[in-house]
Each structure stands twice: as C-alpha cells, then as structure tokens.
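What follows is the content of upload31.tsv (TSV, C-alpha atoms and all ligand atoms).
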chain	number	residue	atom	x	y	z
D	1	MET	CA	107.26	102.98	149.03
D	2	GLU	CA	110.76	104.11	148.32
D	3	SER	CA	110.23	107.66	147.13
D	4	GLN	CA	107.77	109.92	148.86
D	5	PRO	CA	106.04	112.55	146.73
D	6	THR	CA	107.05	116.14	147.37
D	7	ASP	CA	104.37	118.65	148.40
D	8	ALA	CA	104.71	120.23	144.98
D	9	ALA	CA	104.11	116.88	143.28
D	10	LEU	CA	101.07	116.18	145.46
D	11	THR	CA	99.57	119.54	144.54
D	12	ARG	CA	100.13	119.00	140.85
D	13	ALA	CA	99.12	115.34	140.66
D	14	VAL	CA	95.41	115.79	141.34
D	15	VAL	CA	93.10	113.07	140.09
D	16	PRO	CA	92.56	113.72	136.37
D	17	TRP	CA	88.92	114.37	135.45
D	18	TYR	CA	88.68	111.32	133.17
D	19	LEU	CA	89.68	109.04	136.05
D	20	SER	CA	87.20	110.48	138.54
D	21	ARG	CA	84.33	110.79	136.04
D	22	VAL	CA	84.84	107.89	133.63
D	23	TYR	CA	87.18	105.34	135.24
D	24	TRP	CA	86.21	105.71	138.92
D	25	TRP	CA	84.93	102.12	138.86
D	26	ALA	CA	88.22	100.75	137.50
D	27	TYR	CA	90.90	102.61	139.46
D	28	VAL	CA	89.72	105.36	141.83
D	29	ASP	CA	87.23	103.57	144.07
D	30	PRO	CA	89.18	101.31	146.49
D	31	ARG	CA	86.70	98.51	145.75
D	32	ALA	CA	88.04	98.53	142.17
D	33	ILE	CA	91.35	97.12	143.33
D	34	ALA	CA	89.69	94.41	145.39
D	35	PHE	CA	87.71	93.44	142.31
D	36	PHE	CA	90.18	93.80	139.43
D	37	GLU	CA	93.46	92.74	141.03
D	38	ARG	CA	93.17	89.16	139.88
D	39	GLN	CA	95.49	87.73	137.26
D	40	TRP	CA	92.77	85.58	135.68
D	41	LEU	CA	90.44	88.58	135.37
D	42	VAL	CA	92.94	90.90	133.69
D	43	ASN	CA	93.74	88.02	131.37
D	44	LEU	CA	90.04	87.54	130.61
D	45	ILE	CA	89.60	91.27	129.90
D	46	LEU	CA	92.33	90.91	127.26
D	47	TRP	CA	90.67	87.77	125.82
D	48	GLY	CA	93.40	85.53	127.22
D	49	ASN	CA	96.24	87.67	125.86
D	50	PHE	CA	97.65	89.27	129.03
D	51	GLY	CA	100.74	87.07	129.25
D	52	ARG	CA	101.39	87.26	125.53
D	53	LEU	CA	101.13	91.07	125.49
D	54	ARG	CA	103.17	91.42	128.69
D	55	ASP	CA	105.96	89.21	127.36
D	56	ALA	CA	105.92	90.86	123.94
D	57	ALA	CA	106.26	94.27	125.60
D	58	LEU	CA	109.09	93.06	127.82
D	59	ASP	CA	110.90	91.37	124.96
D	60	THR	CA	110.65	94.60	122.97
D	61	LEU	CA	112.21	96.49	125.88
D	62	GLY	CA	115.00	93.91	126.17
D	63	ASP	CA	116.13	90.88	128.21
D	64	ARG	CA	118.57	92.73	130.42
D	65	LEU	CA	117.63	96.29	131.21
D	66	THR	CA	120.68	98.35	132.05
D	67	GLY	CA	120.35	102.03	132.99
D	68	ARG	CA	117.00	103.60	133.90
D	69	THR	CA	113.59	102.21	132.98
D	70	LEU	CA	110.27	104.02	133.48
D	71	GLN	CA	106.85	102.36	133.59
D	72	ILE	CA	104.24	105.05	133.07
D	73	ALA	CA	101.14	104.02	135.08
D	74	CYS	CA	100.44	100.95	137.20
D	75	VAL	CA	98.84	97.88	135.65
D	76	TYR	CA	96.70	95.20	137.29
D	77	GLY	CA	98.38	91.78	137.21
D	78	ASP	CA	102.04	90.83	137.29
D	79	LEU	CA	103.56	93.06	134.58
D	80	THR	CA	105.72	95.12	136.94
D	81	ARG	CA	107.12	92.09	138.76
D	82	HIS	CA	108.23	90.61	135.44
D	83	LEU	CA	109.64	93.96	134.33
D	84	MET	CA	111.52	94.30	137.61
D	85	GLU	CA	113.09	90.86	137.11
D	86	ARG	CA	114.68	92.07	133.86
D	87	VAL	CA	116.43	95.05	135.43
D	88	ALA	CA	120.18	94.41	135.28
D	89	PRO	CA	122.42	94.93	138.34
D	90	GLY	CA	123.02	98.67	138.66
D	91	GLY	CA	119.88	99.44	136.66
D	92	SER	CA	116.70	100.95	138.07
D	93	LEU	CA	112.96	100.90	137.53
D	94	ASP	CA	110.60	103.78	138.33
D	95	VAL	CA	106.80	103.38	138.16
D	96	ILE	CA	104.75	106.55	138.20
D	97	ASP	CA	101.02	106.76	138.78
D	98	VAL	CA	98.65	109.59	139.56
D	99	LEU	CA	96.63	107.56	142.10
D	100	PRO	CA	98.34	106.84	145.43
D	101	LEU	CA	96.03	103.85	146.01
D	102	GLN	CA	97.26	102.25	142.79
D	103	LEU	CA	100.87	102.72	143.91
D	104	ALA	CA	100.01	101.21	147.29
D	105	ASN	CA	98.45	98.25	145.52
D	106	LEU	CA	101.58	97.78	143.43
D	107	GLU	CA	103.72	97.95	146.56
D	108	ARG	CA	101.69	95.05	147.99
D	109	LYS	CA	102.23	92.99	144.84
D	110	LEU	CA	106.02	93.35	144.76
D	111	PRO	CA	108.41	91.25	146.85
D	112	ALA	CA	109.23	92.74	150.26
D	113	ALA	CA	112.80	93.68	149.39
D	114	HIS	CA	112.23	95.20	145.95
D	115	SER	CA	114.08	98.23	144.66
D	116	VAL	CA	111.39	99.60	142.35
D	117	LYS	CA	110.80	103.33	142.89
D	118	LEU	CA	107.07	104.02	143.14
D	119	VAL	CA	106.46	107.64	142.32
D	120	HIS	CA	103.31	109.70	142.60
D	121	GLY	CA	103.01	111.80	139.47
D	122	ASP	CA	101.04	112.62	136.36
D	123	SER	CA	102.02	111.20	132.98
D	124	THR	CA	101.10	114.53	131.38
D	125	ALA	CA	103.62	116.48	133.49
D	126	LEU	CA	106.48	114.15	134.41
D	127	GLU	CA	108.83	115.53	137.03
D	128	TYR	CA	111.97	114.07	135.51
D	129	GLU	CA	114.86	115.66	133.71
D	130	SER	CA	114.81	115.49	129.94
D	131	GLY	CA	116.67	112.48	128.56
D	132	SER	CA	116.99	110.90	131.99
D	133	PHE	CA	115.64	107.43	131.07
D	134	ASP	CA	116.91	104.77	128.70
D	135	ARG	CA	113.43	103.45	128.02
D	136	ALA	CA	109.76	103.80	128.95
D	137	LEU	CA	106.75	101.49	128.86
D	138	LEU	CA	103.11	102.50	128.38
D	139	PHE	CA	100.85	99.48	128.83
D	140	PHE	CA	97.18	100.18	128.01
D	141	LEU	CA	97.27	103.75	129.28
D	142	LEU	CA	96.75	105.78	126.10
D	143	HIS	CA	93.30	104.40	125.21
D	144	GLU	CA	92.02	105.57	128.58
D	145	GLN	CA	93.16	109.14	128.07
D	146	PRO	CA	91.27	111.88	126.24
D	147	ALA	CA	93.08	113.47	123.29
D	148	ALA	CA	94.83	116.32	125.12
D	149	GLU	CA	96.14	114.07	127.92
D	150	ARG	CA	97.19	111.37	125.44
D	151	ARG	CA	99.20	113.89	123.44
D	152	ALA	CA	100.78	115.29	126.60
D	153	THR	CA	101.69	111.80	127.86
D	154	LEU	CA	103.45	110.95	124.60
D	155	GLU	CA	105.18	114.33	124.53
D	156	GLN	CA	106.45	113.74	128.07
D	157	ALA	CA	107.59	110.18	127.35
D	158	LEU	CA	109.53	111.44	124.35
D	159	ARG	CA	111.06	114.18	126.49
D	160	VAL	CA	112.28	111.98	129.35
D	161	VAL	CA	113.72	109.17	127.20
D	162	ARG	CA	117.22	109.91	125.94
D	163	PRO	CA	118.17	110.00	122.26
D	164	GLY	CA	118.69	106.41	121.16
D	165	GLY	CA	116.33	105.21	123.88
D	166	ARG	CA	113.10	103.33	123.34
D	167	ILE	CA	109.44	103.86	124.19
D	168	VAL	CA	107.25	100.75	124.02
D	169	ILE	CA	103.49	101.23	123.79
D	170	VAL	CA	100.99	98.38	124.09
D	171	ASP	CA	97.36	99.23	123.47
D	172	TYR	CA	94.23	98.61	121.46
D	173	HIS	CA	94.25	98.81	117.66
D	174	ARG	CA	91.44	98.61	115.11
D	175	PRO	CA	90.86	94.87	114.58
D	176	HIS	CA	90.80	93.26	111.20
D	177	ALA	CA	87.32	93.61	109.65
D	178	LEU	CA	86.87	89.83	109.84
D	179	ASN	CA	87.89	89.61	113.48
D	180	PRO	CA	84.80	88.18	115.26
D	181	LEU	CA	85.54	90.51	118.18
D	182	TYR	CA	85.25	93.64	116.02
D	183	TRP	CA	81.66	94.53	116.87
D	184	PRO	CA	81.68	93.19	120.44
D	185	MET	CA	84.72	95.38	121.09
D	186	VAL	CA	83.03	98.41	119.54
D	187	ALA	CA	80.11	97.88	121.93
D	188	ILE	CA	82.35	97.30	124.97
D	189	LEU	CA	84.62	100.26	124.31
D	190	ARG	CA	81.77	102.61	123.42
D	191	THR	CA	80.05	101.74	126.67
D	192	LEU	CA	82.96	101.62	129.09
D	193	GLU	CA	85.98	103.28	127.50
D	194	PRO	CA	84.84	106.35	125.59
D	195	PHE	CA	88.27	107.54	124.41
D	196	ALA	CA	89.52	104.16	123.21
D	197	LEU	CA	87.97	104.18	119.75
D	198	ASP	CA	90.12	107.22	118.88
D	199	LEU	CA	93.07	104.86	118.93
D	200	TRP	CA	91.32	102.70	116.34
D	201	ALA	CA	90.70	105.63	114.05
D	202	ASP	CA	94.28	106.86	113.88
D	203	GLY	CA	97.73	105.39	114.35
D	204	ILE	CA	99.83	106.28	117.39
D	205	GLU	CA	101.86	108.64	115.18
D	206	THR	CA	98.79	110.92	114.96
D	207	TRP	CA	99.14	111.65	118.66
D	208	LEU	CA	102.82	112.49	118.65
D	209	PRO	CA	104.12	116.08	118.69
D	210	ALA	CA	104.61	117.47	115.19
D	211	ASP	CA	108.36	117.78	115.69
D	212	THR	CA	108.84	114.18	116.86
D	213	SER	CA	112.06	112.68	115.71
D	214	ALA	CA	111.76	108.96	116.30
D	215	ALA	CA	111.71	105.76	114.26
D	216	ILE	CA	108.35	104.03	114.63
D	217	SER	CA	107.65	100.34	114.26
D	218	ARG	CA	104.39	98.55	114.90
D	219	ARG	CA	103.24	94.99	115.15
D	220	THR	CA	99.69	93.89	115.74
D	221	LEU	CA	98.37	90.77	117.47
D	222	PHE	CA	95.15	88.80	117.88
D	223	GLY	CA	93.51	89.75	114.58
D	224	ASP	CA	94.93	93.29	114.92
D	225	LEU	CA	93.02	94.03	118.14
D	226	TYR	CA	96.25	94.91	119.94
D	227	GLN	CA	99.32	96.85	118.86
D	228	ILE	CA	102.86	97.02	120.12
D	229	VAL	CA	104.50	100.21	118.95
D	230	THR	CA	108.17	100.97	119.41
D	231	LEU	CA	109.46	104.53	119.20
D	232	THR	CA	113.23	104.77	119.01
D	233	VAL	CA	114.15	108.34	119.82
D	234	SER	CA	116.47	109.82	117.21
D	235	GLY	CA	120.07	110.71	118.01
D	236	GLY	CA	122.36	109.17	120.59
B	1	LIG	C1	97.80	101.75	132.73
B	1	LIG	S1	96.16	102.12	132.84
B	1	LIG	C2	95.31	100.64	132.38
B	1	LIG	C3	96.01	99.34	132.54
B	1	LIG	C4	95.19	98.11	132.39
B	1	LIG	N1	93.87	98.34	131.90
B	1	LIG	C5	95.14	97.35	133.69
B	1	LIG	O1	94.74	96.24	133.68
B	1	LIG	O2	95.54	97.85	134.73
B	1	LIG	C6	95.66	102.23	134.50
B	1	LIG	C7	96.50	103.12	135.40
B	1	LIG	O3	96.77	104.35	134.77
B	1	LIG	C8	96.83	105.34	135.78
B	1	LIG	N2	96.72	106.65	135.15
B	1	LIG	C9	95.72	107.14	134.41
B	1	LIG	N3	95.97	108.40	134.02
B	1	LIG	C10	97.19	108.71	134.52
B	1	LIG	C11	98.01	109.86	134.46
B	1	LIG	N4	97.61	110.97	133.81
B	1	LIG	N5	99.21	109.83	135.05
B	1	LIG	C12	99.63	108.71	135.72
B	1	LIG	N6	98.89	107.60	135.84
B	1	LIG	C13	97.69	107.60	135.24
B	1	LIG	C14	95.67	104.97	136.68
B	1	LIG	O4	95.77	105.56	137.95
B	1	LIG	C15	95.79	103.46	136.72
B	1	LIG	O5	96.58	103.01	137.79

With the file now loaded, output its structure as structure tokens.
Ligand SMILES: C[S@@+](CC[C@H](N)C(=O)[O-])C[C@H]1O[C@@H](n2cnc3c(N)ncnc32)[C@H](O)[C@@H]1O
Amino acid sequence: MESQPTDAALTRAVVPWYLSRVYWWAYVDPRAIAFFERQWLVNLILWGNFGRLRDAALDTLGDRLTGRTLQIACVYGDLTRHLMERVAPGGSLDVIDVLPLQLANLERKLPAAHSVKLVHGDSTALEYESGSFDRALLFFLLHEQPAAERRATLEQALRVVRPGGRIVIVDYHRPHALNPLYWPMVAILRTLEPFALDLWADGIETWLPADTSAAISRRTLFGDLYQIVTLTVSGG
C-alpha cells in the first residue's frame, strides 16, 4: 500500500456503526471478502449490470483522466482496475476506505506495479485539502449509509473537488412502477440494506448541503433501478 495512514487518521477512522452492525456480513468480517470478491457474483447482485454501470460511470468521468481522481470507498469486482487504466500520464488516483481489510483486498486485485494510492479514511471526514481533486467517484456507497453519514459524505465530496470538477455517483434509484424487479427489490433492500430505500424516496439533491452550487444531471438505467448522477461543481 503506497500511503500509510497517520496515527491521527487511524484514530479518527473507526469502523462506522452501520458497517459493524448492519453490513458486517458484507465488508467487515474477513469471510465477506472471500465470499463476495467474485466478478460473476457482484454482476449477479446487480442483475447482470455491473459492467454496464462500471463503464457508464467511467465514461462519465472521462476517457483520459488528467489531474487527481478520488474513488470514495472500495468496490468488489474490477472497477478500480478499469478506473486506474484511464488515468493519464502525470495523473493520480486515490482510493479511500474506512476498512483496512477492504484496502488490503484492493491491493491484491491491482497489478503489482500500480500507482494507485490506497488511503485509510472516512468518507464523512476526508483528510484532503478543499478543491484538491479534479473529480470523485461514489459507486454504490450512498445507499449503504444512514442519512447523517450520507449527507456528510456528499458534503465532503463537494468540498474536496475543485470548482469545475465533477462528482459521479452511481447508486440505486426507485424503479419504474412496471419494472418486474420493483417488489423483489423492495423486499431485498428492506431485509438487507435498511438505508437504501431512502434513496428511492428522494433524489440525490435532497442529500446535498443547502448551499450546494453544482449543476446536476441524472440518467437512469435498467427500468430506472439504477441512477448515474453527475454533479459539476460551480466555478472554475
Ligand atoms: C462502496 S460500498 C458498496 C459497493 C458495492 N456494493 C460492492 O460491490 O462493493 C462498500 C465499501 O464502502 C466502504 N465504506 C462504507 N462506509 C464508509 C465510510 N464512511 N468511509 C469510507 N469507506 C466506507 C466499505 O468499507 C466498503 O469497502
């Protein structure tokens, strides 16, 4: 791992309560990685849409990523490797995650001589200077966070991305009423992902700070079950 967490960062980045109480089976227990780190399984969980959502997110970020890119939270599957491949010479990619075992898992997935900076930190209290990134990616993180943490994550992403920069969010969205997965997804999310249905009720803009100055665009996929939201920070 290229960057070691400071003592201060380790003290601050304790395991958030929703990970240890709700998502222990998905991320915190080491057996979770052995189980979930399979490309076919993450694809199945997204009803066969992993590659489509990954590529749509990457295309929204851009083909050739100059400057600094931040991925907020690790993701099972090959998203980060594909993101890394788009970083232009001279550019950089940081990935932050609050769980050291998830960062260690990502390290194992990347090629031996990669230059991705794996950083231990909390999305709700990013230890980066304001405006220090050109873009940030949030891939299926927000639906796992309770309201206060979701708001703080968005506030922090908006803080660290420079004016004119872009934040790309991929996550669940309320499906079209005729989508045959509507009720199965209600049952799945209610059972396993208790904060996710909040994202169905209200658009991403509901969770942004009141003084947010950013252009928002949204596209939905797969009968509206998924959304790709782009925030272009004003100014710059
Ligand atoms: C991006 S989300 C879900 C992604 C997707 N479901 C998948 O297949 O991996 C999962 C990651 O978010 C991380 N995470 C959750 N809350 C976080 C926080 N407050 N700060 C940083 N990382 C966080 C978890 O440790 C985990 O590695």

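Using only C-alpha atoms and all ligand atoms, the nearest neighbour of ligand LIG 1 (chain B) within the list D:Ser130, D:Ser123, D:Ser213, D:Ser20 is D:Ser123.
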
At a cut-off of 10 Å, using all atoms listed in the file, what residues contact Thr66 of chain D? Leave out same-chain residues fewer than 6 positions from it and give the result as a short mmCIF file (atom, residue, chain, number, x, y, z; two decimals) with C-alpha atoms, keeping the file's coordinate frame.
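Output file around_38.cif is given in full below:
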data_model
loop_
_atom_site.label_atom_id
_atom_site.label_comp_id
_atom_site.auth_asym_id
_atom_site.auth_seq_id
_atom_site.Cartn_x
_atom_site.Cartn_y
_atom_site.Cartn_z
CA ARG D 86 114.68 92.07 133.86
CA VAL D 87 116.43 95.05 135.43
CA ALA D 88 120.18 94.41 135.28
CA PRO D 89 122.42 94.93 138.34
CA GLY D 90 123.02 98.67 138.66
CA GLY D 91 119.88 99.44 136.66
CA SER D 92 116.70 100.95 138.07
CA LEU D 93 112.96 100.90 137.53
CA ASP D 134 116.91 104.77 128.70
CA ARG D 135 113.43 103.45 128.02
#

I'd like the neighbourhood of segment 48-59 of chain D as a PyMOL selection string, where a residue qualifies if any of its atoms comes within 10 Å (using only C-alpha atoms), though same-chain residues fewer than 3 positions away should be ignored.
chain D and resi 39-45+62-65+77-80+82-83+86+137-139+168-171+221-222+226-230

Using all atoms listed in the file, which residues have at least one atom no more than 7 Å from ligand LIG 1 (chain B)? Output them as a list in words.
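The distance check yields Pro16, Leu19, Tyr27, Val42, Ile72, Ala73, Cys74, Val75, Tyr76, Gly77, Ile96, Asp97, Val98, Leu99, Gln102, Gly121, Asp122, Ser123, Thr124, Leu138, Phe139, Phe140, Leu141, Glu144, Gln145 and Glu149 of chain D.
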
Same residues, C-alpha atoms, output as a short mmCIF file (atom, residue, chain, number, x, y, z; two decimals), in the frame of the given file:
data_model
loop_
_atom_site.label_atom_id
_atom_site.label_comp_id
_atom_site.auth_asym_id
_atom_site.auth_seq_id
_atom_site.Cartn_x
_atom_site.Cartn_y
_atom_site.Cartn_z
CA PRO D 16 92.56 113.72 136.37
CA LEU D 19 89.68 109.04 136.05
CA TYR D 27 90.90 102.61 139.46
CA VAL D 42 92.94 90.90 133.69
CA ILE D 72 104.24 105.05 133.07
CA ALA D 73 101.14 104.02 135.08
CA CYS D 74 100.44 100.95 137.20
CA VAL D 75 98.84 97.88 135.65
CA TYR D 76 96.70 95.20 137.29
CA GLY D 77 98.38 91.78 137.21
CA ILE D 96 104.75 106.55 138.20
CA ASP D 97 101.02 106.76 138.78
CA VAL D 98 98.65 109.59 139.56
CA LEU D 99 96.63 107.56 142.10
CA GLN D 102 97.26 102.25 142.79
CA GLY D 121 103.01 111.80 139.47
CA ASP D 122 101.04 112.62 136.36
CA SER D 123 102.02 111.20 132.98
CA THR D 124 101.10 114.53 131.38
CA LEU D 138 103.11 102.50 128.38
CA PHE D 139 100.85 99.48 128.83
CA PHE D 140 97.18 100.18 128.01
CA LEU D 141 97.27 103.75 129.28
CA GLU D 144 92.02 105.57 128.58
CA GLN D 145 93.16 109.14 128.07
CA GLU D 149 96.14 114.07 127.92
#

Please, what distance in Å, to one decimal, runs between atom CA of Ala152 of chain D and atom CA of Leu46 of chain D?
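Separation between atom CA of Ala152 of chain D and atom CA of Leu46 of chain D: 25.8 Å.
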
Can you tell me which residues surround Glu107 of chain D at a distance of at most 12 Å, considering all atoms listed in the file, apart from same-chain residues fewer than 5 positions away, and format the answer as a compact mmCIF listing (two decimals) with C-alpha atoms, in the coordinates of the input?
# COMPACT_ATOMS: atom_id res chain seq x y z
CA MET D 1 107.26 102.98 149.03
CA GLU D 2 110.76 104.11 148.32
CA SER D 3 110.23 107.66 147.13
CA CYS D 74 100.44 100.95 137.20
CA VAL D 75 98.84 97.88 135.65
CA TYR D 76 96.70 95.20 137.29
CA ASP D 78 102.04 90.83 137.29
CA THR D 80 105.72 95.12 136.94
CA ARG D 81 107.12 92.09 138.76
CA VAL D 95 106.80 103.38 138.16
CA PRO D 100 98.34 106.84 145.43
CA LEU D 101 96.03 103.85 146.01
CA GLN D 102 97.26 102.25 142.79
CA ALA D 112 109.23 92.74 150.26
CA ALA D 113 112.80 93.68 149.39
CA HIS D 114 112.23 95.20 145.95
CA SER D 115 114.08 98.23 144.66
CA VAL D 116 111.39 99.60 142.35
CA LYS D 117 110.80 103.33 142.89
CA LEU D 118 107.07 104.02 143.14
CA VAL D 119 106.46 107.64 142.32

Complete segment 221-236 of chain D with N, CA and C atoms (output as a compact mmCIF listing (two decimals), keeping the file's coordinate frame).
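Result went into part-v8.txt, see below:
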# COMPACT_ATOMS: atom_id res chain seq x y z
N LEU D 221 98.61 92.14 117.03
CA LEU D 221 98.37 90.77 117.47
C LEU D 221 96.87 90.53 117.57
N PHE D 222 96.51 89.24 117.60
CA PHE D 222 95.15 88.80 117.88
C PHE D 222 94.16 89.46 116.90
N GLY D 223 94.39 89.18 115.61
CA GLY D 223 93.51 89.75 114.58
C GLY D 223 93.53 91.27 114.61
N ASP D 224 94.69 91.83 114.90
CA ASP D 224 94.93 93.29 114.92
C ASP D 224 94.26 94.02 116.08
N LEU D 225 93.69 93.31 117.04
CA LEU D 225 93.02 94.03 118.14
C LEU D 225 94.01 94.77 119.04
N TYR D 226 95.25 94.28 119.07
CA TYR D 226 96.25 94.91 119.94
C TYR D 226 97.45 95.33 119.09
N GLN D 227 98.12 96.40 119.55
CA GLN D 227 99.32 96.85 118.86
C GLN D 227 100.46 97.03 119.86
N ILE D 228 101.64 96.74 119.36
CA ILE D 228 102.86 97.02 120.12
C ILE D 228 103.67 97.97 119.25
N VAL D 229 103.82 99.18 119.73
CA VAL D 229 104.50 100.21 118.95
C VAL D 229 105.82 100.54 119.65
N THR D 230 106.87 100.59 118.87
CA THR D 230 108.17 100.97 119.41
C THR D 230 108.60 102.29 118.80
N LEU D 231 108.91 103.25 119.66
CA LEU D 231 109.46 104.53 119.20
C LEU D 231 110.92 104.55 119.63
N THR D 232 111.81 104.64 118.67
CA THR D 232 113.23 104.77 119.01
C THR D 232 113.61 106.23 118.78
N VAL D 233 113.91 106.90 119.88
CA VAL D 233 114.15 108.34 119.82
C VAL D 233 115.42 108.61 119.01
N SER D 234 115.33 109.56 118.10
CA SER D 234 116.47 109.82 117.21
C SER D 234 117.65 110.42 117.96
N GLY D 235 118.83 110.18 117.41
CA GLY D 235 120.07 110.71 118.01
C GLY D 235 120.71 109.67 118.90
N GLY D 236 121.72 110.06 119.61
CA GLY D 236 122.36 109.17 120.59
C GLY D 236 123.38 108.25 119.98
